[in-house]
$ cat my_file27.pdb   # PDB, C-alpha atoms
ATOM      1  CA  ALA A 818     105.849 120.455  97.888
ATOM      2  CA  ASP A 819     104.375 117.011  98.351
ATOM      3  CA  THR A 820     101.679 117.222 101.015
ATOM      4  CA  GLN A 821     100.040 113.831 100.530
ATOM      5  CA  PRO A 822      99.700 112.275 103.958
ATOM      6  CA  ARG A 823     101.464 108.991 104.549
ATOM      7  CA  ILE A 824      99.217 106.088 103.563
ATOM      8  CA  VAL A 825      99.848 102.549 104.787
ATOM      9  CA  LEU A 826      97.655  99.611 103.748
ATOM     10  CA  PHE A 827      97.862  96.711 106.220
ATOM     11  CA  THR A 828      96.995  93.405 104.523
ATOM     12  CA  THR A 829      97.925  89.714 104.532
ATOM     13  CA  HIS A 830      99.314  87.525 101.769
ATOM     14  CA  LEU A 831      96.128  85.448 101.972
ATOM     15  CA  THR A 832      94.235  88.113 100.020
ATOM     16  CA  LEU A 833      95.161  88.136  96.324
ATOM     17  CA  VAL A 834      94.048  91.732  95.736
ATOM     18  CA  PRO A 835      93.524  93.384  99.104
ATOM     19  CA  PRO A 836      90.385  95.485  99.333
ATOM     20  CA  GLY A 837      91.352  99.096  98.941
ATOM     21  CA  LYS A 838      94.578  98.486  97.042
ATOM     22  CA  GLN A 839      93.032  98.841  93.595
ATOM     23  CA  TYR A 840      91.015 101.842  94.773
ATOM     24  CA  LEU A 841      94.098 103.645  96.114
ATOM     25  CA  GLN A 842      95.965 102.854  92.885
ATOM     26  CA  GLN A 843      93.084 104.149  90.747
ATOM     27  CA  LYS A 844      93.035 107.386  92.758
ATOM     28  CA  GLY A 845      96.766 107.803  92.135
ATOM     29  CA  PHE A 846      97.820 107.748  95.770
ATOM     30  CA  ARG A 847     101.233 106.543  96.775
ATOM     31  CA  PHE A 848     101.005 104.056  99.613
ATOM     32  CA  ARG A 849     103.002 101.359 101.309
ATOM     33  CA  GLU A 850     101.445  97.903 101.573
ATOM     34  CA  VAL A 851     102.449  95.934 104.667
ATOM     35  CA  ASP A 852     101.751  92.202 105.032
ATOM     36  CA  VAL A 853     101.032  91.809 108.749
ATOM     37  CA  SER A 854     101.217  88.015 108.490
ATOM     38  CA  ARG A 855     104.919  88.380 107.644
ATOM     39  CA  ASP A 856     105.797  91.517 109.628
ATOM     40  CA  GLN A 857     105.057  90.970 113.304
ATOM     41  CA  ALA A 858     106.150  94.486 114.307
ATOM     42  CA  ALA A 859     103.680  95.950 111.814
ATOM     43  CA  ALA A 860     100.969  93.598 113.100
ATOM     44  CA  ARG A 861     101.555  94.819 116.660
ATOM     45  CA  GLU A 862     101.480  98.437 115.492
ATOM     46  CA  MET A 863      98.202  97.864 113.633
ATOM     47  CA  VAL A 864      96.628  96.303 116.735
ATOM     48  CA  ARG A 865      97.943  99.162 118.893
ATOM     49  CA  ILE A 866      96.383 101.725 116.547
ATOM     50  CA  THR A 867      93.042  99.991 115.901
ATOM     51  CA  GLY A 868      92.573  97.670 118.873
ATOM     52  CA  GLN A 869      91.861  94.741 116.551
ATOM     53  CA  GLN A 870      93.592  92.205 114.336
ATOM     54  CA  GLY A 871      91.417  92.251 111.212
ATOM     55  CA  VAL A 872      92.639  93.464 107.834
ATOM     56  CA  PRO A 873      92.538  95.457 105.703
ATOM     57  CA  VAL A 874      93.352  98.631 107.595
ATOM     58  CA  THR A 875      94.203 101.799 105.710
ATOM     59  CA  LEU A 876      96.188 104.274 107.767
ATOM     60  CA  ILE A 877      95.983 107.795 106.330
ATOM     61  CA  GLY A 878      98.312 110.003 108.305
ATOM     62  CA  ASN A 879      97.339 109.016 111.843
ATOM     63  CA  ARG A 880      93.740 108.116 110.991
ATOM     64  CA  PRO A 881      92.922 104.399 110.651
ATOM     65  CA  VAL A 882      90.144 103.148 108.381
ATOM     66  CA  VAL A 883      89.229  99.599 109.415
ATOM     67  CA  GLY A 884      88.019  97.389 106.585
ATOM     68  CA  PHE A 885      87.609  98.766 103.096
ATOM     69  CA  ASN A 886      85.306 101.741 103.522
ATOM     70  CA  GLN A 887      85.475 103.897 100.402
ATOM     71  CA  GLY A 888      83.189 106.534 101.919
ATOM     72  CA  GLU A 889      85.387 106.922 104.974
ATOM     73  CA  ILE A 890      88.548 107.059 102.856
ATOM     74  CA  ASP A 891      86.963 109.654 100.586
ATOM     75  CA  GLY A 892      85.707 111.555 103.623
ATOM     76  CA  PHE A 893      89.253 112.064 104.826
ATOM     77  CA  TRP A 894      89.970 114.310 101.862
ATOM     78  CA  ALA A 895      87.205 116.710 102.930
ATOM     79  CA  PHE A 896      89.629 117.854 105.649
ATOM     80  CA  VAL A 897      92.589 118.267 103.287
ATOM     81  CA  ASP A 898      93.321 121.306 101.138
ATOM     82  CA  CYS A 899      93.178 119.504  97.806
ATOM     83  CA  SER A 900      94.927 122.351  96.008
ATOM     84  CA  LEU A 901      98.080 121.332  97.840
ATOM     85  CA  LEU A 902      97.990 117.706  96.698
ATOM     86  CA  ILE A 903      99.624 116.247  93.617
ATOM     87  CA  VAL A 904      96.591 113.982  93.100
ATOM     88  CA  ASP A 905      92.909 114.799  92.674
ATOM     89  CA  CYS A 906      90.734 114.586  95.773
TER      90      CYS A 906
END
$ encode --input "my_file27.pdb" --output "C-alpha cells"
Amino acid sequence: ADTQPRIVLFTTHLTLVPPGKQYLQQKGFRFREVDVSRDQAAAREMVRITGQQGVPVTLIGNRPVVGFNQGEIDGFWAFVDCSLLIVDC
C-alpha cells in the first residue's frame, strides 16, 4: 500500500528551479507542482491554507511548509511510520 502523504509544491513560473523541487526529487517523493501565477484557484487555496501569498509553499498532507525549510520538511517524517513508505525517510 502506498502511504506517502499527498505533497503539493506551490511555485510560480518566475522561478527556474523552485526551492524545494530538487530536494523533493532527490528524496524520491512524488509531488505535484502547481504554478500559482497561472492557476488562480490554486493561488486562492494556498492563501486560504497559509494566510499569505509568498512561494514556495510545500503542502505535505494538510501541513503547509512556507518557504523552503528543509528542517521542517524533514521534521514531518518524524511523525510518519517510515516502514510504511515506499521511499526512505
$ atom_distance --input "my_file27.pdb" --atom1 "atom CA of Val872 of chain A" --atom2 "atom CA of Arg855 of chain A"
13.3 Å
$ closest_residue --input "my_file27.pdb" --among "A:Gly868, A:Phe893, A:Asp852, A:Gly878" --to "Phe827 of chain A" --atoms "all atoms listed in the file"
A:Asp852
$ closest_residue --input "my_file27.pdb" --among "A:Leu841, A:Gln821, A:Thr829, A:Pro835" --to "Asp856 of chain A" --atoms "only C-alpha atoms"
A:Thr829
$ resolve_selection --input "my_file27.pdb" --expression "the PyMOL selection byres ((chain A and resi 826) around 8)" --output "compact mmCIF listing (two decimals) with C-alpha atoms, in the coordinates of the input"
# COMPACT_ATOMS: atom_id res chain seq x y z
CA ILE A 824 99.22 106.09 103.56
CA VAL A 825 99.85 102.55 104.79
CA PHE A 827 97.86 96.71 106.22
CA THR A 828 97.00 93.40 104.52
CA GLY A 837 91.35 99.10 98.94
CA LYS A 838 94.58 98.49 97.04
CA PHE A 848 101.00 104.06 99.61
CA ARG A 849 103.00 101.36 101.31
CA GLU A 850 101.44 97.90 101.57
CA VAL A 851 102.45 95.93 104.67
CA PRO A 873 92.54 95.46 105.70
CA VAL A 874 93.35 98.63 107.60
CA THR A 875 94.20 101.80 105.71
CA LEU A 876 96.19 104.27 107.77
$ closest_residue --input "my_file27.pdb" --among "A:Leu831, A:Gly845, A:Val883, A:Arg823" --to "Met863 of chain A" --atoms "all atoms listed in the file"
A:Val883
$ atom_distance --input "my_file27.pdb" --atom1 "atom CA of Asp891 of chain A" --atom2 "atom CA of Ala858 of chain A"
28.0 Å
$ closest_residue --input "my_file27.pdb" --among "A:Pro822, A:Ser854, A:Pro836, A:Gln842" --to "Asn886 of chain A" --atoms "all atoms listed in the file"
A:Pro836
$ closest_residue --input "my_file27.pdb" --among "A:Val882, A:Ile890, A:Ile866, A:Ile877" --to "Arg847 of chain A" --atoms "only C-alpha atoms"
A:Ile877
$ atom_distance --input "my_file27.pdb" --atom1 "atom CA of Phe846 of chain A" --atom2 "atom CA of Gly892 of chain A"
14.9 Å
